[in-house]
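Asks: Input: one structure, supplied below.
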Amino acid sequence: YQVGPPKVNLQPVYQGRQPLLKTFVQPAVLRHIDSGKRWLAELRRVSVVFVNLTAPFKPSVRAVQELQSTIVQMQSVIYKYEGTVRQFIIDDKGSVMIAGFGLPGTSHEDDPFRAVLTAVEIVSQLAAVNVTASAGVTTGKAFCGDVGSDSRREYAMVGDIVNLSARLMAAADGAVLICADTYDACKLSPSFHTLNFESLAPIRVKGKANPIPIYRPTPRTLLMPQKSRMRSRRTIIGREAEFELLERLVEVISQRDAVGASQRFEQPLSKEYKPLNLAPYDYKLSLSSSTSRFPSPGKLMMSYASSDGSSAHVTPTNSGGAIPVLPVGGGARPCTVLIIEGEAGVGKTIMMQQLELMVGDDQKTFSATADQLDSTTPYHAWRDIFDTVLDDKKQLPEALVEQVGRELAPLLKVVLPHAANLAENEHTQFMPSQQRAETTQAVALRLLSLIVPPGSLISLDNANWLDSASWSLLQAASKSLDNILFAISLRPLLSNVPFQLSRMRNSSKCVEMVLHNLPEEHTQQLIAQCLGLNAPRIPKQVVTLIQRKGNGNPFLTEEIVFALRESGKVQISPQGDLKSVQEIEESINFVPNSLQALLTSKVDRLSSSQQICLKIASCIGQSFVVKMLLELMPSSHDKSPPAVKADLDGLVAAGMLVQAEPEPELEYAFSNTLIKEVVYGLMLFSQRRQVHSSVVDYYNKEFPGNSTYYPLLAYHNKHAEKNDEAVQLYVQAGSACLINYANKEAAAFLTEAIAINTKGNKHFGLEAIATERKVAQAYYNLGQFDRADEHFRKALELMAIAIPVRDQKIKQPDKKKTAAWTFFQPTEAFEKREVQHRKREAVISILALAKVNYFGCNKGIATFCAQLALLLADQTGNTYHCEAYAISSLTCGINGQHEVAESFVNKGQELAGKKQLDALKTLQQLTGMYYAGAAKWQLAKQNFTSAIDNGKTIGDLKSVEECQIFLGSVLFLEGELKNSIRVTKDALRSGLLHSSLLWVVASCPPLRPCSVIAYRVSALDPRPPPPPQLSSRCRANVGCAALVGTVFDLAAAASANLAAPT
């Protein structure tokens, strides 16, 4: 007698019998069996069917034969609707068949409806042979993968919906019961009407605290579904007018290229870091009426300059009408901007590729693609274009270094991160952030002018993912380069439209092409090309059904046609006619409605090795180099370059990937963002975490210490759940962006760091304080004062400092209590070495809050913050002490304490001296604001003029623009209208040229109610403005309110002369 399992040699049992054994394994498992167990499991939305045969099993030959027949019958129905048999078990309660819909290889968007059809048909068919069956159907997300040990494993669906399906089966009592989620999903199916759904009273089931809503479906008509399919290459139909426009654009650029020589940048950049004075742009007043950017389907809208200087809009039809003459205004040979806009799948990328083919000359074609993953990395989309200038040693040629200026060349590191000869020097290392951002753009623009010859094409695909610095460079280049065609494609932006894009759209040199879905006649041609038929051979009813299903979207239409063709429902006679039109009409109802469902089905049909490549690539990003992919491939997979290259080529042939770069730096990219998103969504969190962690290791090994990759490393660390490293990198990336004055990106990175810290309950510490203050500074620079106020207050709260709020009774700060502050929370451990650093953070935040509330007309809070800053600033350096005196003079001025205000001005001037230009500039600007508020116009003009000169000397363009706006306001109030408009126009032109929203203008909306000034400005017939009408809030300070109120009016007057939106 032997205890335990017998010792059996298993090797002979399955040796040579793999084909037989494979019949017992699910197809989803067979496809992954050689790819490593960690790649088999996925999180998928599935529908689960439990079917119970209530008759007990009897151990007899006849009973076994009957059971076999029943199982075959159930399997036939499951496979008919392309489900998967998970398990068949027999116990004392009967026999149970478990099936799944939506598993790899057999997924469809209408899987819930297929599952219900399967259950209803099984119960009906078995009832016809006197077999009682009950079924339960549920839908939701479940773990789908292998479970068990290394010696015995099985493929399973695990999750709450699986248990609920079994409960519903037990309660069905000879019928079919489905959950509410399944019912809601079935309602989206076009075949929903083929079943009756009866709502029943909610029931209680084990494992659920509340009653479960249920429905009972009963049959009407059963339809045949689609089968799996593949897809061939896309074709182009119905874009004749668009192609004609592209040809005309290329022709115009070529004609201009043959006329004269361009005005090039000849002088080196100033060593004093003054931003490059780029060629002026010819702004013109738009006299056209408001015309919608979105013409009717099949039409194009073009904006062009007429002979009288006004602008007009033309919408040529698709009938081949003449294309109007394109804009030639502006400089001698201006640039043209083509904006191609449309939803996913309408053919934007194809239009961009056709445009590149029309240009033909590789030396004059520069293309790049923006990526969502890098949408916060400054200038990332431009790097592919700038990288073309690097030599074999990855260095910027010396000739170009000399032409852009050797002292300023290191600033190009942000657009040429791989350049080996762009190390920081004494001129760039400590450059102020605003000046660095402006000068970097100017140097990048200069380099662009040297490498892109006139008559070239610069194309930027997926421009909706461009970062703000890339938008700025694009706008500046479109104004300043010589005879370049800029083509950008993007999806419609319904919110957060970049300011630079709006400016380009308002230019008379912009041509917009809005791609719409195809009308029915073009859909018919597309169907015919996909099937290799003549268009008249396609029955009208089939075209109408496909048009209704795909809504005329070219990509979705092709997917539907290929699905029908490969289902076997589309058969072509020798005469070129379609057979079985009736079956085509029925099968169309089972074609998925969304691109996401189509792509999921397409991914499921790939080989397991191809799916592994896609999954790893989806974690890397929109594009990836093969070298990195090989490093990240699992050890169980064939990692040899030929094998991986074969998989990648297969994915290119399937339309999933495109080759972005040839050998030796072989690079691929996803052909569509949706493909990457769908593939990434199929992965388990553990799988994503492991790949992201491997990506981090790769970057740290290949590019150690390279700050260019901090945003990428932060992203991957976050998704690898390495939160401490992610926070550190987000802070470093945000701080770098703040230094480079990329405020939008800085706010995004730093906010992400704060969110991770908050999630991990790491709210305190000097680093958390500095992060809050930096994100507040970023919002302050962007002019978003409400959000800046919020984060400055949070930074102070972390140091146990409370600032009064509006409508609260405000007392003067107590000097004794302030001196006793520790700048630590009561629950924090006191660190004496941090006190001075925290005090500095507190002073910076309080000074900023004083300015925020001053501009927001919160007089009491502004005064409190100014007094508090003055008490704390004595040990934080002259710069902050000077600023505290200046802010205090402003608040004293609005409280009518002019003698005290004058004394603060004098103390600040003594402290600043003449050598500390940064502190002196700040003091002069704020002092000018005080004198303007006190109606001392001459002193105000002197201080603003001095601040402008000092700002130019140190390269602080932001302060220069602010002071110009304020100086223009003072001149306006003095009646010097022409000088006022001249100064204000200079500020506005500077801001528009560098694509920055003027800080002062951005700060004015909350102040607008303080003063409403009616005026009428004409450059030819100037008239003095009427006296301002002031609200009661600001009557105590007439000059300041009038100054603030005129800022927008002056901007409007200047913009009217610049054709810029106010």
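Every chain in the structure tokens takes a letter, A first, then B, and so on in the order presented; its residues are numbered from 1, and the ligands are numbered from 1 following the presented order.
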Please provide as a ChimeraX atom specification all residues within 9 Å of A:Arg793, with the sequence filter that same-chain residues fewer than 2 positions apart are discarded (counting only C-alpha atoms).
Replies: /A:772-773,788-791,795-798,801-803,845-846,849
Asks: Quick one: residues within 7 Å of A:Ala753, only C-alpha atoms counted, chain neighbours fewer than 3 positions away excluded, as number ranges by chain?
Replies: A: 727, 730-731, 749-750, 756-757
Asks: State, in Å with one decimal place, the distance from atom CA of A:Leu920 to atom CA of A:Phe904.
Replies: 13.7 Å
Asks: Excluding same-chain residues fewer than 2 positions from stretch 122-128 of chain A, what lies within 12 Å of it counting only C-alpha atoms, as a ChimeraX atom specification?
Replies: /A:49-55,66-67,69-81,97,99,115-120,130-136,169,172-177,217-220,222
Asks: Just to confirm, what's the straight-line distance from atom CA of A:Asp91 to atom CA of A:Gln26 in Å (one decimal)?
Replies: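 Between these atoms lies a distance of 22.6 Å.
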Asks: From the options A:Tyr931, A:Tyr379, A:Tyr183, A:Phe366, which residue's atoms come nearest to A:Pro112, counting only C-alpha atoms?
Replies: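 Checking each of A:Tyr931, A:Tyr379, A:Tyr183, A:Phe366 against A:Pro112, counting only C-alpha atoms, the winner is A:Tyr183.
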Asks: Out of stretch 464-703 of chain A, which residues get strand (DSSP E) from DSSP, as a ChimeraX atom specification?
Replies: /A:485-490,510-514,571-572,578-579,623-625,657-661,667-670
Asks: Between A:Leu526, A:Val443, A:Val85, A:Met513, which is the closest to A:Phe555 once you count only C-alpha atoms?
Replies: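 Closest residue, counting only C-alpha atoms: A:Leu526.
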Asks: With a cut-off of 12 Å, could you pull out the residues of stretch 677-768 of chain A touching stretch 454-471 of chain A and give me the nearest pair of atoms for each, distance in Å to one decimal, using only C-alpha atoms, ordered by chain and ascending number, as JSON lines?
Replies:
{"residue": "A:Cys737", "atom": "CA", "partner": "A:Ala469", "partner_atom": "CA", "distance": 10.2}
{"residue": "A:Asn740", "atom": "CA", "partner": "A:Ala469", "partner_atom": "CA", "distance": 9.8}
{"residue": "A:Tyr741", "atom": "CA", "partner": "A:Ala469", "partner_atom": "CA", "distance": 9.4}
{"residue": "A:Ala742", "atom": "CA", "partner": "A:Ala469", "partner_atom": "CA", "distance": 6.9}
{"residue": "A:Asn743", "atom": "CA", "partner": "A:Ser468", "partner_atom": "CA", "distance": 8.9}
{"residue": "A:Lys744", "atom": "CA", "partner": "A:Ser468", "partner_atom": "CA", "distance": 7.3}
{"residue": "A:Glu745", "atom": "CA", "partner": "A:Ser468", "partner_atom": "CA", "distance": 7.7}
{"residue": "A:Ala746", "atom": "CA", "partner": "A:Ser468", "partner_atom": "CA", "distance": 10.9}
{"residue": "A:Ala748", "atom": "CA", "partner": "A:Asp467", "partner_atom": "CA", "distance": 11.4}
Asks: Would you give me, as a PyMOL selection string, the residues in stretch 675-781 of chain A that DSSP reads as helix (DSSP H, G or I)?
Replies: chain A and resi 675-682+685-702+707-719+723-739+743-759+766-781
Asks: Identify which of the residues A:Gln353, A:Leu481, A:Thr439, A:Ala344 lies closest to A:Glu407, counting only C-alpha atoms when measuring atom-to-atom distances.
Replies: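 Closest residue, counting only C-alpha atoms: A:Thr439.
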Asks: Between atom CA of A:Gln964 and atom CA of A:Ala987, what is the distance, to one decimal in Å?
Replies: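 Between these atoms lies a distance of 5.8 Å.
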Asks: I'd like the contact shell of A:Ala423 - 10 Å cut-off, only C-alpha atoms, skipping same-chain residues fewer than 4 positions apart - returned as a ChimeraX atom specification.
Replies: /A:409-413,419,428-429
Asks: Could you please take those selected residues and save all heavy atoms as a compact mmCIF listing (two decimals), in the first residue's frame?
Replies:
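The resulting file, selection03.txt, is shown below:
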# COMPACT_ATOMS: atom_id res chain seq x y z
N ALA A 409 26.44 79.89 -26.60
CA ALA A 409 26.16 78.57 -27.19
C ALA A 409 25.71 77.53 -26.17
O ALA A 409 24.86 76.69 -26.49
CB ALA A 409 27.39 78.07 -27.94
N PRO A 410 26.21 77.55 -24.91
CA PRO A 410 25.73 76.53 -23.95
C PRO A 410 24.22 76.55 -23.72
O PRO A 410 23.65 75.54 -23.29
CB PRO A 410 26.48 76.89 -22.66
CG PRO A 410 27.74 77.55 -23.13
CD PRO A 410 27.34 78.32 -24.36
N LEU A 411 23.57 77.65 -24.01
CA LEU A 411 22.12 77.70 -23.84
C LEU A 411 21.41 76.74 -24.80
O LEU A 411 20.25 76.39 -24.58
CB LEU A 411 21.61 79.12 -24.08
CG LEU A 411 22.11 80.19 -23.09
CD1 LEU A 411 21.61 81.56 -23.48
CD2 LEU A 411 21.67 79.85 -21.67
N LEU A 412 22.10 76.33 -25.85
CA LEU A 412 21.51 75.41 -26.82
C LEU A 412 21.42 73.98 -26.29
O LEU A 412 20.86 73.11 -26.97
CB LEU A 412 22.30 75.42 -28.13
CG LEU A 412 22.25 76.71 -28.95
CD1 LEU A 412 23.24 76.66 -30.10
CD2 LEU A 412 20.84 76.93 -29.48
N LYS A 413 21.95 73.75 -25.10
CA LYS A 413 21.91 72.39 -24.53
C LYS A 413 20.48 71.90 -24.39
O LYS A 413 20.22 70.70 -24.48
CB LYS A 413 22.61 72.39 -23.17
CG LYS A 413 22.87 70.99 -22.61
CD LYS A 413 23.96 70.26 -23.38
CE LYS A 413 24.31 68.94 -22.71
NZ LYS A 413 25.33 68.20 -23.46
N ALA A 419 24.61 67.08 -27.41
CA ALA A 419 25.82 67.76 -27.88
C ALA A 419 26.88 67.73 -26.79
O ALA A 419 26.63 68.05 -25.63
CB ALA A 419 25.49 69.20 -28.27
N THR A 428 26.76 81.93 -18.77
CA THR A 428 25.42 81.34 -18.77
C THR A 428 25.04 80.67 -17.47
O THR A 428 23.86 80.48 -17.19
CB THR A 428 25.32 80.29 -19.90
OG1 THR A 428 26.27 79.24 -19.66
CG2 THR A 428 25.58 80.92 -21.25
N GLN A 429 26.03 80.30 -16.66
CA GLN A 429 25.74 79.47 -15.50
C GLN A 429 24.82 80.15 -14.49
O GLN A 429 23.93 79.52 -13.93
CB GLN A 429 27.06 79.07 -14.81
CG GLN A 429 26.87 78.04 -13.70
CD GLN A 429 28.20 77.52 -13.19
OE1 GLN A 429 29.26 78.02 -13.56
NE2 GLN A 429 28.16 76.52 -12.32
Asks: Return the single residue from A:Leu684, A:Thr818, A:Arg838, A:Thr523 that is closest to A:Ala768, with distances computed using only C-alpha atoms.
Replies: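 So, comparing all the options, the nearest one is A:Arg838.
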Asks: I'd like the contact shell of stretch 346-352 of chain A - 10 Å cut-off, only C-alpha atoms, skipping same-chain residues fewer than 5 positions apart - returned as an mmCIF file with N, CA and C atoms, in the first residue's frame.
Replies:
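That gives us around_29.cif:
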data_model
loop_
_atom_site.group_PDB
_atom_site.id
_atom_site.type_symbol
_atom_site.label_atom_id
_atom_site.label_comp_id
_atom_site.auth_asym_id
_atom_site.auth_seq_id
_atom_site.Cartn_x
_atom_site.Cartn_y
_atom_site.Cartn_z
ATOM 1 N N ARG A 234 -3.602 51.801 -45.554
ATOM 2 C CA ARG A 234 -4.662 52.770 -45.791
ATOM 3 C C ARG A 234 -4.528 53.384 -47.179
ATOM 4 N N THR A 235 -5.633 53.911 -47.665
ATOM 5 C CA THR A 235 -5.652 54.640 -48.925
ATOM 6 C C THR A 235 -6.178 56.052 -48.650
ATOM 7 N N ILE A 236 -6.049 56.918 -49.637
ATOM 8 C CA ILE A 236 -6.444 58.314 -49.475
ATOM 9 C C ILE A 236 -7.566 58.609 -50.456
ATOM 10 N N ILE A 237 -8.683 59.005 -49.950
ATOM 11 C CA ILE A 237 -9.866 59.270 -50.775
ATOM 12 C C ILE A 237 -10.479 60.594 -50.329
ATOM 13 N N ARG A 239 -9.791 63.884 -50.757
ATOM 14 C CA ARG A 239 -9.046 65.039 -50.272
ATOM 15 C C ARG A 239 -8.461 65.835 -51.442
ATOM 16 N N GLU A 242 -7.854 69.525 -50.686
ATOM 17 C CA GLU A 242 -6.762 69.671 -49.734
ATOM 18 C C GLU A 242 -5.409 69.488 -50.422
ATOM 19 N N PHE A 243 -5.317 68.477 -51.305
ATOM 20 C CA PHE A 243 -4.066 68.261 -52.033
ATOM 21 C C PHE A 243 -3.752 69.441 -52.946
ATOM 22 N N LEU A 246 -2.209 72.059 -50.826
ATOM 23 C CA LEU A 246 -0.824 71.739 -50.488
ATOM 24 C C LEU A 246 0.105 72.041 -51.659
ATOM 25 N N ILE A 340 -3.242 72.109 -39.884
ATOM 26 C CA ILE A 340 -4.133 71.015 -40.265
ATOM 27 C C ILE A 340 -4.783 70.492 -38.989
ATOM 28 N N GLU A 341 -6.086 70.576 -38.931
ATOM 29 C CA GLU A 341 -6.807 70.220 -37.713
ATOM 30 C C GLU A 341 -7.867 69.178 -38.008
ATOM 31 N N LEU A 357 6.372 64.876 -49.305
ATOM 32 C CA LEU A 357 6.673 64.299 -50.620
ATOM 33 C C LEU A 357 6.618 65.369 -51.703
ATOM 34 N N MET A 358 5.687 66.314 -51.580
ATOM 35 C CA MET A 358 5.578 67.377 -52.581
ATOM 36 C C MET A 358 6.804 68.287 -52.576
ATOM 37 N N SER A 367 11.243 67.640 -40.219
ATOM 38 C CA SER A 367 10.007 67.166 -39.603
ATOM 39 C C SER A 367 10.268 66.658 -38.191
ATOM 40 N N THR A 369 7.833 65.166 -34.481
ATOM 41 C CA THR A 369 6.533 64.768 -33.929
ATOM 42 C C THR A 369 6.533 64.985 -32.432
ATOM 43 N N SER A 459 7.735 70.732 -40.523
ATOM 44 C CA SER A 459 6.452 70.117 -40.171
ATOM 45 C C SER A 459 6.514 69.577 -38.741
ATOM 46 N N LEU A 460 5.467 69.858 -37.978
ATOM 47 C CA LEU A 460 5.351 69.404 -36.593
ATOM 48 C C LEU A 460 4.028 68.667 -36.449
ATOM 49 N N ASP A 461 4.107 67.343 -36.343
ATOM 50 C CA ASP A 461 2.907 66.516 -36.216
ATOM 51 C C ASP A 461 2.522 66.392 -34.735
ATOM 52 N N ASN A 462 1.236 66.149 -34.486
ATOM 53 C CA ASN A 462 0.716 66.036 -33.114
ATOM 54 C C ASN A 462 1.059 67.267 -32.279
ATOM 55 N N ALA A 487 4.171 73.710 -41.224
ATOM 56 C CA ALA A 487 2.959 72.888 -41.243
ATOM 57 C C ALA A 487 2.828 72.207 -39.887
ATOM 58 N N ILE A 488 1.702 72.413 -39.238
ATOM 59 C CA ILE A 488 1.454 71.771 -37.945
ATOM 60 C C ILE A 488 0.108 71.063 -37.998
ATOM 61 N N SER A 489 0.045 69.888 -37.426
ATOM 62 C CA SER A 489 -1.210 69.138 -37.354
ATOM 63 C C SER A 489 -1.572 68.944 -35.895
ATOM 64 N N LEU A 490 -2.848 68.998 -35.591
ATOM 65 C CA LEU A 490 -3.289 68.846 -34.217
ATOM 66 C C LEU A 490 -4.761 68.505 -34.185
ATOM 67 N N ARG A 491 -5.176 67.932 -33.068
ATOM 68 C CA ARG A 491 -6.590 67.688 -32.838
ATOM 69 C C ARG A 491 -7.250 68.979 -32.362
ATOM 70 N N MET A 513 -6.544 74.336 -42.492
ATOM 71 C CA MET A 513 -7.190 73.233 -43.194
ATOM 72 C C MET A 513 -7.870 72.364 -42.137
ATOM 73 N N VAL A 514 -9.165 72.350 -42.134
ATOM 74 C CA VAL A 514 -9.927 71.549 -41.181
ATOM 75 C C VAL A 514 -10.406 70.292 -41.891
ATOM 76 N N LEU A 515 -9.908 69.143 -41.469
ATOM 77 C CA LEU A 515 -10.274 67.868 -42.090
ATOM 78 C C LEU A 515 -11.521 67.311 -41.406
ATOM 79 N N HIS A 516 -12.543 67.066 -42.210
ATOM 80 C CA HIS A 516 -13.786 66.515 -41.698
ATOM 81 C C HIS A 516 -13.899 65.048 -42.106
ATOM 82 N N ASN A 517 -14.861 64.359 -41.524
ATOM 83 C CA ASN A 517 -15.159 63.007 -41.969
ATOM 84 C C ASN A 517 -15.676 63.035 -43.398
ATOM 85 N N LEU A 518 -15.569 61.907 -44.067
ATOM 86 C CA LEU A 518 -15.903 61.843 -45.485
ATOM 87 C C LEU A 518 -17.415 61.802 -45.700
ATOM 88 N N GLY A 552 -18.204 58.219 -41.335
ATOM 89 C CA GLY A 552 -17.356 58.824 -42.346
ATOM 90 C C GLY A 552 -15.905 58.969 -41.951
ATOM 91 N N ASN A 553 -15.504 58.468 -40.777
ATOM 92 C CA ASN A 553 -14.101 58.523 -40.372
ATOM 93 C C ASN A 553 -13.299 57.542 -41.226
ATOM 94 N N PRO A 554 -12.286 58.008 -41.975
ATOM 95 C CA PRO A 554 -11.565 57.106 -42.898
ATOM 96 C C PRO A 554 -10.962 55.890 -42.202
ATOM 97 N N PHE A 555 -10.325 56.105 -41.069
ATOM 98 C CA PHE A 555 -9.683 54.989 -40.369
ATOM 99 C C PHE A 555 -10.715 53.965 -39.916
ATOM 100 N N LEU A 556 -11.786 54.431 -39.287
ATOM 101 C CA LEU A 556 -12.811 53.522 -38.783
ATOM 102 C C LEU A 556 -13.540 52.836 -39.933
ATOM 103 N N SER A 671 2.117 54.304 -34.483
ATOM 104 C CA SER A 671 1.490 55.025 -35.598
ATOM 105 C C SER A 671 0.305 55.845 -35.133
ATOM 106 N N ASN A 672 -0.212 55.550 -33.953
ATOM 107 C CA ASN A 672 -1.349 56.282 -33.429
ATOM 108 C C ASN A 672 -1.280 56.261 -31.910
#
